[in-house]
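As provided, input-v3.pdb (PDB, C-alpha atoms) reads as follows.
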```pdb
ATOM      1  CA  MET Z   1     -11.528  13.224  -1.362
ATOM      2  CA  ASP Z   2     -12.227  11.467  -4.638
ATOM      3  CA  GLY Z   3     -15.895  12.490  -4.657
ATOM      4  CA  GLU Z   4     -18.962  10.420  -3.923
ATOM      5  CA  ARG Z   5     -18.938   7.041  -5.641
ATOM      6  CA  THR Z   6     -21.188   4.047  -5.100
ATOM      7  CA  PRO Z   7     -19.739   0.860  -3.572
ATOM      8  CA  GLU Z   8     -20.036  -0.792  -6.986
ATOM      9  CA  GLN Z   9     -18.058   2.034  -8.603
ATOM     10  CA  LEU Z  10     -15.378   1.851  -5.913
ATOM     11  CA  VAL Z  11     -14.913  -1.895  -6.410
ATOM     12  CA  ALA Z  12     -14.985  -1.612 -10.200
ATOM     13  CA  GLY Z  13     -12.268   1.032  -9.870
ATOM     14  CA  LEU Z  14     -10.188  -1.298  -7.689
ATOM     15  CA  VAL Z  15     -10.522  -4.179 -10.158
ATOM     16  CA  LYS Z  16      -9.492  -1.882 -13.005
ATOM     17  CA  LEU Z  17      -6.545  -0.547 -10.979
ATOM     18  CA  LEU Z  18      -5.202  -4.037 -10.228
ATOM     19  CA  GLU Z  19      -5.454  -5.179 -13.843
ATOM     20  CA  VAL Z  20      -2.481  -4.591 -16.147
ATOM     21  CA  LYS Z  21      -2.191  -3.903 -19.879
ATOM     22  CA  ASP Z  22      -0.265  -6.431 -21.975
ATOM     23  CA  GLN Z  23       2.455  -4.548 -23.868
ATOM     24  CA  GLY Z  24       3.894  -7.653 -25.550
ATOM     25  CA  GLU Z  25       7.103  -9.622 -24.909
ATOM     26  CA  ASP Z  26       6.070 -10.294 -21.280
ATOM     27  CA  GLN Z  27       5.931  -6.595 -20.460
ATOM     28  CA  PHE Z  28       2.866  -5.075 -18.787
ATOM     29  CA  LEU Z  29       1.678  -1.639 -17.731
ATOM     30  CA  GLY Z  30      -0.013  -0.939 -14.411
ATOM     31  CA  ARG Z  31      -2.468   1.930 -14.120
ATOM     32  CA  LYS Z  32      -1.931   4.841 -11.781
ATOM     33  CA  LYS Z  33      -4.452   5.435  -9.013
ATOM     34  CA  ARG Z  34      -7.316   7.764  -9.821
ATOM     35  CA  GLY Z  35      -6.526  11.120  -8.225
ATOM     36  CA  GLY Z  36      -3.398   9.625  -6.710
ATOM     37  CA  VAL Z  37      -0.938  11.818  -4.832
ATOM     38  CA  GLY Z  38       2.071  10.871  -2.768
ATOM     39  CA  ARG Z  39       3.646   7.433  -2.351
ATOM     40  CA  VAL Z  40       2.025   4.475  -4.101
ATOM     41  CA  PHE Z  41       0.466   1.864  -1.798
ATOM     42  CA  GLY Z  42       2.633  -1.252  -1.650
ATOM     43  CA  GLY Z  43      -0.349  -3.575  -1.923
ATOM     44  CA  GLN Z  44      -1.194  -2.059  -5.315
ATOM     45  CA  VAL Z  45       2.279  -2.796  -6.693
ATOM     46  CA  ILE Z  46       2.258  -6.352  -5.312
ATOM     47  CA  ALA Z  47      -1.175  -7.079  -6.786
ATOM     48  CA  GLN Z  48      -0.288  -5.644 -10.205
ATOM     49  CA  ALA Z  49       3.010  -7.570 -10.269
ATOM     50  CA  LEU Z  50       1.200 -10.790  -9.346
ATOM     51  CA  HIS Z  51      -1.365 -10.220 -12.094
ATOM     52  CA  SER Z  52       1.430  -9.601 -14.598
ATOM     53  CA  ALA Z  53       3.076 -12.886 -13.660
ATOM     54  CA  GLU Z  54      -0.232 -14.783 -13.822
ATOM     55  CA  LEU Z  55      -0.820 -13.638 -17.401
ATOM     56  CA  THR Z  56       2.297 -15.601 -18.476
ATOM     57  CA  VAL Z  57       1.307 -18.879 -16.769
ATOM     58  CA  ASP Z  58      -1.112 -21.662 -17.731
ATOM     59  CA  PRO Z  59      -4.464 -20.765 -16.072
ATOM     60  CA  ALA Z  60      -4.596 -24.334 -14.722
ATOM     61  CA  ARG Z  61      -1.687 -23.363 -12.455
ATOM     62  CA  PRO Z  62      -2.916 -20.801  -9.888
ATOM     63  CA  ALA Z  63      -0.456 -18.855  -7.764
ATOM     64  CA  HIS Z  64       0.318 -20.445  -4.416
ATOM     65  CA  SER Z  65       2.954 -17.988  -3.140
ATOM     66  CA  LEU Z  66       4.667 -14.680  -3.792
ATOM     67  CA  HIS Z  67       7.715 -13.008  -2.308
ATOM     68  CA  ALA Z  68       8.378  -9.313  -2.903
ATOM     69  CA  TYR Z  69      11.056  -6.800  -1.985
ATOM     70  CA  PHE Z  70      10.317  -3.075  -1.975
ATOM     71  CA  LEU Z  71      13.331  -1.217  -3.352
ATOM     72  CA  ARG Z  72      12.219   2.413  -3.246
ATOM     73  CA  GLY Z  73       8.989   4.345  -2.862
ATOM     74  CA  GLY Z  74       6.884   4.804  -5.989
ATOM     75  CA  SER Z  75       4.476   7.557  -6.977
ATOM     76  CA  GLU Z  76       0.691   7.181  -7.093
ATOM     77  CA  GLY Z  77       0.503   9.545 -10.045
ATOM     78  CA  VAL Z  78       2.759   7.570 -12.434
ATOM     79  CA  GLU Z  79       2.029   4.332 -14.315
ATOM     80  CA  ILE Z  80       4.154   1.299 -13.417
ATOM     81  CA  ASP Z  81       6.043  -0.921 -15.877
ATOM     82  CA  TYR Z  82       6.272  -4.662 -15.163
ATOM     83  CA  LYS Z  83       8.790  -6.973 -16.838
ATOM     84  CA  VAL Z  84       8.233 -10.729 -16.330
ATOM     85  CA  GLU Z  85      10.912 -13.410 -16.653
ATOM     86  CA  ARG Z  86       9.731 -17.001 -17.239
ATOM     87  CA  ASP Z  87      12.304 -18.682 -15.016
ATOM     88  CA  PHE Z  88      10.749 -22.150 -14.783
ATOM     89  CA  ASP Z  89       7.952 -24.352 -16.127
ATOM     90  CA  GLY Z  90       8.110 -27.885 -14.745
ATOM     91  CA  GLY Z  91       5.733 -30.807 -14.625
ATOM     92  CA  SER Z  92       3.771 -29.383 -11.684
ATOM     93  CA  PHE Z  93       5.193 -25.955 -10.818
ATOM     94  CA  SER Z  94       5.998 -22.721 -12.624
ATOM     95  CA  ASN Z  95       8.030 -19.766 -11.384
ATOM     96  CA  ARG Z  96       8.032 -16.162 -12.527
ATOM     97  CA  ARG Z  97      10.225 -13.186 -11.650
ATOM     98  CA  VAL Z  98       8.871  -9.629 -12.000
ATOM     99  CA  VAL Z  99      10.559  -6.235 -11.854
ATOM    100  CA  ALA Z 100       8.282  -3.224 -11.309
ATOM    101  CA  SER Z 101       9.690   0.122 -12.455
ATOM    102  CA  GLN Z 102       8.636   3.746 -12.683
ATOM    103  CA  GLN Z 103      10.383   6.090 -15.092
ATOM    104  CA  GLY Z 104      13.192   3.549 -15.543
ATOM    105  CA  ARG Z 105      13.863   3.037 -11.818
ATOM    106  CA  PRO Z 106      13.005  -0.330 -10.183
ATOM    107  CA  ILE Z 107      10.656  -0.003  -7.203
ATOM    108  CA  LEU Z 108       9.857  -3.675  -6.483
ATOM    109  CA  ASN Z 109      11.110  -7.178  -7.259
ATOM    110  CA  LEU Z 110       8.627 -10.058  -6.994
ATOM    111  CA  THR Z 111       8.900 -13.816  -7.436
ATOM    112  CA  ALA Z 112       5.749 -15.924  -7.689
ATOM    113  CA  SER Z 113       5.233 -19.686  -7.775
ATOM    114  CA  PHE Z 114       2.356 -21.521  -9.439
ATOM    115  CA  GLN Z 115       1.133 -25.118  -9.168
ATOM    116  CA  LYS Z 116      -1.360 -27.270 -11.006
ATOM    117  CA  HIS Z 117      -4.020 -28.814  -8.744
ATOM    118  CA  GLU Z 118      -3.245 -32.085  -7.032
ATOM    119  CA  ASP Z 119      -4.528 -33.968  -4.007
ATOM    120  CA  GLY Z 120      -2.090 -34.453  -1.144
ATOM    121  CA  LEU Z 121      -1.505 -34.768   2.587
ATOM    122  CA  HIS Z 122      -3.650 -32.259   4.411
ATOM    123  CA  HIS Z 123      -3.641 -30.830   7.923
ATOM    124  CA  VAL Z 124      -4.334 -27.465   9.568
ATOM    125  CA  ASP Z 125      -2.834 -26.428  12.910
ATOM    126  CA  ALA Z 126      -4.190 -22.892  13.097
ATOM    127  CA  ALA Z 127      -7.371 -22.327  15.064
ATOM    128  CA  MET Z 128      -9.379 -19.292  14.061
ATOM    129  CA  PRO Z 129      -9.265 -16.690  16.868
ATOM    130  CA  GLU Z 130     -12.466 -16.113  18.796
ATOM    131  CA  VAL Z 131     -13.408 -12.516  17.997
ATOM    132  CA  PRO Z 132     -16.638 -10.541  17.606
ATOM    133  CA  ALA Z 133     -18.456 -10.873  14.285
ATOM    134  CA  PRO Z 134     -17.934  -7.990  11.825
ATOM    135  CA  GLU Z 135     -21.556  -6.862  12.292
ATOM    136  CA  GLU Z 136     -20.755  -6.166  15.958
ATOM    137  CA  LEU Z 137     -17.884  -3.799  15.113
ATOM    138  CA  GLU Z 138     -17.883  -0.165  14.055
ATOM    139  CA  PRO Z 139     -17.046   0.367  10.359
ATOM    140  CA  GLU Z 140     -13.535   1.702  10.025
ATOM    141  CA  ALA Z 141     -14.729   4.451   7.682
ATOM    142  CA  VAL Z 142     -16.589   5.936  10.652
ATOM    143  CA  VAL Z 143     -13.496   5.634  12.858
ATOM    144  CA  ARG Z 144     -11.319   7.240  10.197
ATOM    145  CA  ARG Z 145     -13.634  10.234   9.749
ATOM    146  CA  ARG Z 146     -13.705  10.748  13.524
ATOM    147  CA  PHE Z 147      -9.918  10.561  13.775
ATOM    148  CA  ALA Z 148      -9.145  12.710  10.717
ATOM    149  CA  GLU Z 149      -9.148  15.984  12.663
ATOM    150  CA  GLN Z 150      -6.424  14.633  14.977
ATOM    151  CA  ALA Z 151      -4.201  13.434  12.149
ATOM    152  CA  ARG Z 152      -1.332  15.446  10.727
ATOM    153  CA  PRO Z 153      -2.672  17.768   7.982
ATOM    154  CA  GLU Z 154      -0.625  16.009   5.292
ATOM    155  CA  ALA Z 155      -2.095  12.631   6.357
ATOM    156  CA  ARG Z 156      -5.718  13.770   6.649
ATOM    157  CA  HIS Z 157      -6.684  12.797   3.081
ATOM    158  CA  HIS Z 158      -5.604   9.218   3.902
ATOM    159  CA  PHE Z 159      -8.366   8.994   6.498
ATOM    160  CA  LEU Z 160     -11.090  10.792   4.535
ATOM    161  CA  SER Z 161     -10.747   9.065   1.158
ATOM    162  CA  GLU Z 162     -13.311   6.490   0.059
ATOM    163  CA  ARG Z 163     -12.084   2.893   0.109
ATOM    164  CA  PRO Z 164     -13.116  -0.125  -1.951
ATOM    165  CA  VAL Z 165     -12.039  -2.492   0.843
ATOM    166  CA  GLU Z 166     -13.914  -2.213   4.131
ATOM    167  CA  MET Z 167     -12.083  -3.087   7.342
ATOM    168  CA  ARG Z 168     -13.440  -3.508  10.863
ATOM    169  CA  ALA Z 169     -10.856  -3.699  13.638
ATOM    170  CA  VAL Z 170     -11.451  -5.719  16.781
ATOM    171  CA  GLU Z 171      -8.919  -3.967  19.039
ATOM    172  CA  GLY Z 172      -8.914  -0.602  17.267
ATOM    173  CA  ARG Z 173      -6.028   0.870  15.287
ATOM    174  CA  HIS Z 174      -2.634   1.968  16.593
ATOM    175  CA  TRP Z 175      -3.362   5.504  15.424
ATOM    176  CA  THR Z 176      -6.468   5.763  17.663
ATOM    177  CA  ASN Z 177      -4.779   4.915  20.976
ATOM    178  CA  PRO Z 178      -1.345   6.139  22.173
ATOM    179  CA  LYS Z 179      -1.137   3.544  24.961
ATOM    180  CA  PRO Z 180       1.225   0.563  24.475
ATOM    181  CA  ALA Z 181      -0.637  -2.653  23.632
ATOM    182  CA  PRO Z 182       0.247  -6.302  22.944
ATOM    183  CA  PRO Z 183       1.734  -6.869  19.465
ATOM    184  CA  TYR Z 184      -1.271  -8.433  17.790
ATOM    185  CA  SER Z 185      -4.468  -7.310  16.087
ATOM    186  CA  HIS Z 186      -7.545  -8.737  14.386
ATOM    187  CA  SER Z 187      -9.481  -7.139  11.532
ATOM    188  CA  TRP Z 188     -12.297  -8.259   9.286
ATOM    189  CA  PHE Z 189     -12.125  -7.108   5.670
ATOM    190  CA  LYS Z 190     -13.936  -7.479   2.342
ATOM    191  CA  THR Z 191     -14.678  -5.405  -0.713
ATOM    192  CA  VAL Z 192     -17.642  -3.043  -0.357
ATOM    193  CA  ALA Z 193     -19.415  -4.631  -3.355
ATOM    194  CA  PRO Z 194     -19.308  -8.019  -5.130
ATOM    195  CA  LEU Z 195     -16.325  -8.988  -7.278
ATOM    196  CA  PRO Z 196     -16.320 -10.956 -10.542
ATOM    197  CA  ASP Z 197     -15.975 -14.728 -10.133
ATOM    198  CA  ASP Z 198     -12.432 -14.871 -11.557
ATOM    199  CA  PRO Z 199     -10.156 -16.352  -8.789
ATOM    200  CA  LYS Z 200      -7.233 -14.252 -10.074
ATOM    201  CA  ILE Z 201      -9.126 -11.099  -9.105
ATOM    202  CA  HIS Z 202      -9.785 -12.422  -5.600
ATOM    203  CA  ARG Z 203      -6.093 -13.304  -5.169
ATOM    204  CA  ALA Z 204      -5.107  -9.833  -6.368
ATOM    205  CA  VAL Z 205      -7.506  -8.151  -3.929
ATOM    206  CA  LEU Z 206      -6.258 -10.297  -1.030
ATOM    207  CA  ALA Z 207      -2.659  -9.441  -1.950
ATOM    208  CA  PHE Z 208      -3.669  -5.768  -2.065
ATOM    209  CA  ALA Z 209      -5.427  -5.914   1.326
ATOM    210  CA  SER Z 210      -2.673  -7.969   2.970
ATOM    211  CA  ASP Z 211      -0.508  -4.830   3.091
ATOM    212  CA  MET Z 212      -3.159  -3.021   5.162
ATOM    213  CA  SER Z 213      -2.698  -2.844   8.945
ATOM    214  CA  LEU Z 214       0.185  -5.355   8.954
ATOM    215  CA  LEU Z 215       3.187  -3.082   9.471
ATOM    216  CA  GLY Z 216       1.382  -1.149  12.199
ATOM    217  CA  THR Z 217       1.319  -4.285  14.356
ATOM    218  CA  CYS Z 218       4.975  -3.866  15.328
ATOM    219  CA  ALA Z 219       4.250  -0.321  16.579
ATOM    220  CA  LEU Z 220       1.585  -1.462  19.074
ATOM    221  CA  PRO Z 221       3.924  -2.315  22.012
ATOM    222  CA  HIS Z 222       5.438   1.167  21.733
ATOM    223  CA  GLY Z 223       2.212   3.199  21.557
ATOM    224  CA  LEU Z 224       3.453   5.102  18.505
ATOM    225  CA  SER Z 225       1.818   5.976  15.180
ATOM    226  CA  TRP Z 226       2.875   7.457  11.844
ATOM    227  CA  ALA Z 227      -0.479   9.283  11.738
ATOM    228  CA  ARG Z 228       0.570  11.361  14.745
ATOM    229  CA  GLY Z 229       4.045  11.937  13.301
ATOM    230  CA  GLU Z 230       5.733   9.731  15.927
ATOM    231  CA  VAL Z 231       7.334   7.169  13.598
ATOM    232  CA  VAL Z 232       8.351   6.828   9.976
ATOM    233  CA  SER Z 233       7.893   3.444   8.350
ATOM    234  CA  ALA Z 234       8.112   1.638   5.029
ATOM    235  CA  SER Z 235       7.654  -1.967   3.943
ATOM    236  CA  LEU Z 236      10.884  -3.784   3.089
ATOM    237  CA  ASP Z 237       9.601  -7.168   1.979
ATOM    238  CA  HIS Z 238       6.270  -8.970   1.794
ATOM    239  CA  ALA Z 239       5.294 -12.604   1.281
ATOM    240  CA  VAL Z 240       1.899 -14.244   0.763
ATOM    241  CA  TRP Z 241       1.052 -17.942   0.642
ATOM    242  CA  PHE Z 242      -2.347 -18.866  -0.822
ATOM    243  CA  HIS Z 243      -3.603 -22.087   0.796
ATOM    244  CA  GLU Z 244      -7.220 -22.620  -0.242
ATOM    245  CA  PRO Z 245      -9.886 -20.953  -2.432
ATOM    246  CA  PHE Z 246     -11.706 -17.927  -0.999
ATOM    247  CA  ARG Z 247     -13.728 -14.891  -1.981
ATOM    248  CA  ALA Z 248     -12.428 -11.425  -1.143
ATOM    249  CA  ASP Z 249     -15.962  -9.987  -1.334
ATOM    250  CA  GLU Z 250     -16.975 -12.046   1.715
ATOM    251  CA  TRP Z 251     -15.735 -11.300   5.226
ATOM    252  CA  LEU Z 252     -12.183 -12.511   5.896
ATOM    253  CA  LEU Z 253     -10.455 -12.274   9.279
ATOM    254  CA  TYR Z 254      -6.888 -10.928   9.245
ATOM    255  CA  ALA Z 255      -5.064 -11.993  12.427
ATOM    256  CA  THR Z 256      -1.658 -10.304  12.699
ATOM    257  CA  ASP Z 257       1.151 -10.447  15.254
ATOM    258  CA  SER Z 258       4.654  -9.054  15.601
ATOM    259  CA  PRO Z 259       7.084 -11.353  17.452
ATOM    260  CA  TRP Z 260      10.080  -8.993  17.130
ATOM    261  CA  SER Z 261      11.280  -5.488  16.359
ATOM    262  CA  GLY Z 262      14.729  -3.941  16.628
ATOM    263  CA  GLY Z 263      17.501  -2.282  14.672
ATOM    264  CA  GLY Z 264      15.054   0.020  12.927
ATOM    265  CA  ARG Z 265      13.007  -2.927  11.618
ATOM    266  CA  GLY Z 266       9.797  -4.678  12.657
ATOM    267  CA  PHE Z 267       8.740  -8.216  11.729
ATOM    268  CA  ASN Z 268       5.051  -9.003  11.268
ATOM    269  CA  ARG Z 269       3.014 -12.113  10.470
ATOM    270  CA  GLY Z 270      -0.575 -12.576   9.339
ATOM    271  CA  ARG Z 271      -3.111 -15.378   8.987
ATOM    272  CA  ILE Z 272      -6.272 -14.931   6.919
ATOM    273  CA  PHE Z 273      -9.381 -16.977   7.720
ATOM    274  CA  THR Z 274     -12.782 -17.303   6.094
ATOM    275  CA  ARG Z 275     -15.788 -16.714   8.286
ATOM    276  CA  ASP Z 276     -16.280 -20.485   8.696
ATOM    277  CA  GLY Z 277     -12.727 -20.844  10.049
ATOM    278  CA  ARG Z 278     -10.717 -22.035   7.047
ATOM    279  CA  LEU Z 279      -7.121 -20.782   6.888
ATOM    280  CA  VAL Z 280      -6.860 -19.538   3.299
ATOM    281  CA  ALA Z 281      -3.654 -17.482   3.314
ATOM    282  CA  SER Z 282      -0.582 -16.652   5.391
ATOM    283  CA  VAL Z 283       1.454 -13.452   5.227
ATOM    284  CA  ALA Z 284       4.838 -12.242   6.490
ATOM    285  CA  GLN Z 285       6.398  -8.807   6.251
ATOM    286  CA  GLU Z 286       9.385  -6.914   7.574
ATOM    287  CA  GLY Z 287       9.389  -3.153   7.524
ATOM    288  CA  MET Z 288      11.580  -0.217   8.409
ATOM    289  CA  ILE Z 289      10.223   1.582  11.493
ATOM    290  CA  ARG Z 290      12.005   4.459  13.220
ATOM    291  CA  LYS Z 291      10.957   6.734  16.038
ATOM    292  CA  VAL Z 292      10.838  10.389  15.095
ATOM    293  CA  VAL Z 293      13.109  12.477  17.300
ATOM    294  CA  PRO Z 294      11.587  15.930  17.938
ATOM    295  CA  LYS Z 295      13.768  18.780  16.716
ATOM    296  CA  GLY Z 296      15.204  21.074  19.299
TER     297      GLY Z 296
END
```

Once more with this new file: its structure as structure tokens, please.
Amino acid sequence: MDGERTPEQLVAGLVKLLEVKDQGEDQFLGRKKRGGVGRVFGGQVIAQALHSAELTVDPARPAHSLHAYFLRGGSEGVEIDYKVERDFDGGSFSNRRVVASQQGRPILNLTASFQKHEDGLHHVDAAMPEVPAPEELEPEAVVRRRFAEQARPEARHHFLSERPVEMRAVEGRHWTNPKPAPPYSHSWFKTVAPLPDDPKIHRAVLAFASDMSLLGTCALPHGLSWARGEVVSASLDHAVWFHEPFRADEWLLYATDSPWSGGGRGFNRGRIFTRDGRLVASVAQEGMIRKVVPKG
């Protein structure tokens, strides 16, 4: 465990982690996770790459979408280099291409699009699911501590570590129940303490959190979990569309579903709603997922 830290310290650490250092000539350096061991979390790399791209764009043009491909697993204990290419700056839109590398080896490619504000045709055809309020659900930190003793020893730290983003699952997590279930889930999430008012930080935190719980959705119909050593998985690509303003330090509902899996891959979708029912972001991800065959 990282040691006892206050919610404010946890969130300040997250904000610092997702920021990048400007190295000049559109090159940026992403910090390594404090006390990090093992494979770097994909949401961290996506958020740092997005922030790198945003630093090369007119602030009047916020990001409205990103598309990322994971090339190989990175290490939590090594800083990440980001190289940004300014592919396009038009009258309304800008486009940036980012390569994330560790020790000279690319680990992620990301393309992001930016748009200056304009009024336009508006409709929403996505009703917010009817689910219990977050106050009615057990904090996931409590669930994780209870489950930690059942997890594989090498995965136990994942369940016991302090987290700057709190999640509360409506249906429970795939690692808590080995029974097959429908391929959808609903989770509330927010940071455990307030964030600064900068919208770029809130987009980075949402991008970070959007990689949580999503890939596990395609494992639900099969009753399998990586935490029990039954499957191995890794994100292959990840896309986020930002629709409307939001705050990531206020409860957001993450509704995910998986319409298909096969061929060693699982496809997952997500919709993110504010508490008052506004659809503020959409997510899609495909990941590698393979059943572990017991030896002998």

Excluding same-chain residues fewer than 6 positions from region 210-225 of chain Z, what lies within 7 Å of it counting only C-alpha atoms, as an mmCIF file with C-alpha atoms, keeping the file's coordinate frame?
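Heads up, here's the output in result10.cif:
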```cif
data_model
loop_
_atom_site.group_PDB
_atom_site.id
_atom_site.type_symbol
_atom_site.label_atom_id
_atom_site.label_comp_id
_atom_site.auth_asym_id
_atom_site.auth_seq_id
_atom_site.Cartn_x
_atom_site.Cartn_y
_atom_site.Cartn_z
ATOM 1 C CA GLY Z 42 2.633 -1.252 -1.650
ATOM 2 C CA GLY Z 43 -0.349 -3.575 -1.923
ATOM 3 C CA HIS Z 174 -2.634 1.968 16.593
ATOM 4 C CA TRP Z 175 -3.362 5.504 15.424
ATOM 5 C CA PRO Z 178 -1.345 6.139 22.173
ATOM 6 C CA LYS Z 179 -1.137 3.544 24.961
ATOM 7 C CA PRO Z 180 1.225 0.563 24.475
ATOM 8 C CA ALA Z 181 -0.637 -2.653 23.632
ATOM 9 C CA PRO Z 182 0.247 -6.302 22.944
ATOM 10 C CA PRO Z 183 1.734 -6.869 19.465
ATOM 11 C CA TYR Z 184 -1.271 -8.433 17.790
ATOM 12 C CA SER Z 185 -4.468 -7.310 16.087
ATOM 13 C CA VAL Z 231 7.334 7.169 13.598
ATOM 14 C CA THR Z 256 -1.658 -10.304 12.699
ATOM 15 C CA ASP Z 257 1.151 -10.447 15.254
ATOM 16 C CA SER Z 258 4.654 -9.054 15.601
ATOM 17 C CA SER Z 261 11.280 -5.488 16.359
ATOM 18 C CA GLY Z 266 9.797 -4.678 12.657
ATOM 19 C CA PHE Z 267 8.740 -8.216 11.729
ATOM 20 C CA ASN Z 268 5.051 -9.003 11.268
ATOM 21 C CA GLY Z 287 9.389 -3.153 7.524
#
```

Exercise. Mind checking which residues fall within 9 Å of Val37 (chain Z), counting only C-alpha atoms, ignoring those fewer than 4 positions away in the same chain, and posting them as a PyMOL selection string?
Key: chain Z and resi 33+75-77

Self-check item: Near-Thr191 (chain Z) list (6 Å; only C-alpha atoms; drop same-chain fewer than 2 positions) as a VMD selection string
Solution: chain Z and resid 164 to 166 193 249

Quiz item: Got a sec: who's within 9 Å of region 263-265 of chain Z, counting only C-alpha atoms, leaving out chain neighbours fewer than 3 positions off, as a count of residues only?
Solution: 10

Quiz item: Any chance you could work out the residue set of the PyMOL selection byres ((chain Z and resi 101-111) around 8) here, as an NGL selection string?
Solution: :Z and (45-46 or 49-50 or 66-74 or 78-82 or 95-100 or 112-113)

Practice problem: List the residues matched by the PyMOL selection byres ((chain Z and resi 276) around 12) in the displayed structure as an MDAnalysis selection string, ordered by chain and then by residue number. | Solution: chainID Z and resid 127:130 133 246 250:253 272:275 277:280

Quiz item: Which residue, Z:Gly90, Z:Pro139, Z:Gly36, Z:Gly30, has the smallest gap to Val57 (chain Z) when you use all atoms listed in the file?
Solution: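 Result for the nearest residue to Val57 (chain Z): Z:Gly90.
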
Surrounding residues of region 20-27 of chain Z excluding itself and chain neighbours under 2 positions, 8 Å, only C-alpha atoms, as a compact mmCIF listing (two decimals) with C-alpha atoms, keeping the file's coordinate frame:
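The result, written out as selection_23.txt:
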```txt
# COMPACT_ATOMS: atom_id res chain seq x y z
CA LEU Z 17 -6.54 -0.55 -10.98
CA LEU Z 18 -5.20 -4.04 -10.23
CA LEU Z 29 1.68 -1.64 -17.73
CA GLY Z 30 -0.01 -0.94 -14.41
CA ARG Z 31 -2.47 1.93 -14.12
CA GLN Z 48 -0.29 -5.64 -10.20
CA HIS Z 51 -1.36 -10.22 -12.09
CA SER Z 52 1.43 -9.60 -14.60
CA THR Z 56 2.30 -15.60 -18.48
CA ASP Z 81 6.04 -0.92 -15.88
CA TYR Z 82 6.27 -4.66 -15.16
CA LYS Z 83 8.79 -6.97 -16.84
CA VAL Z 84 8.23 -10.73 -16.33
CA GLU Z 85 10.91 -13.41 -16.65
```

Quiz prompt | Minimum-distance residue to Ser92 (chain Z), chosen among Z:Tyr254, Z:Phe114, Z:Phe28, Z:Phe147 (using all atoms listed in the file) | solution =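 Answer, going by the shortest atom-to-atom distance: Z:Phe114.
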
Self-check item: Given the PyMOL selection byres ((chain Z and resi 170) around 7), the residues it picks as a PyMOL selection string
Solution: chain Z and resi 137+168-169+171-172+186-187

Once 6 Å is added on each side, what centre and edge lengths in Å to one decimal does the axis-aligned box around all listed atoms of region 223-237 of chain Z have, as AutoDock Vina command-line options?
```
--center_x 5.2 --center_y 2.4 --center_z 11.8 --size_x 23.4 --size_y 31.1 --size_z 31.6
```

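The gap separating CA of Leu10 (chain Z) from CA of Glu136 (chain Z) is 23.9 Å, in Å to one decimal.
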
Quiz prompt | Pick from Z:Leu55, Z:Val11, Z:Val124, Z:Ala209, whichever lies nearest to Arg86 (chain Z) using all atoms listed in the file | solution = Z:Leu55

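Closest approach to Phe242 (chain Z) among Z:Ala204, Z:Gln9, Z:Lys16, Z:Gly262 is made by Z:Ala204 (distances from all atoms listed in the file).
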
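For the pair CA of Glu135 (chain Z) and CA of Lys190 (chain Z), the interatomic distance is 12.5 Å.
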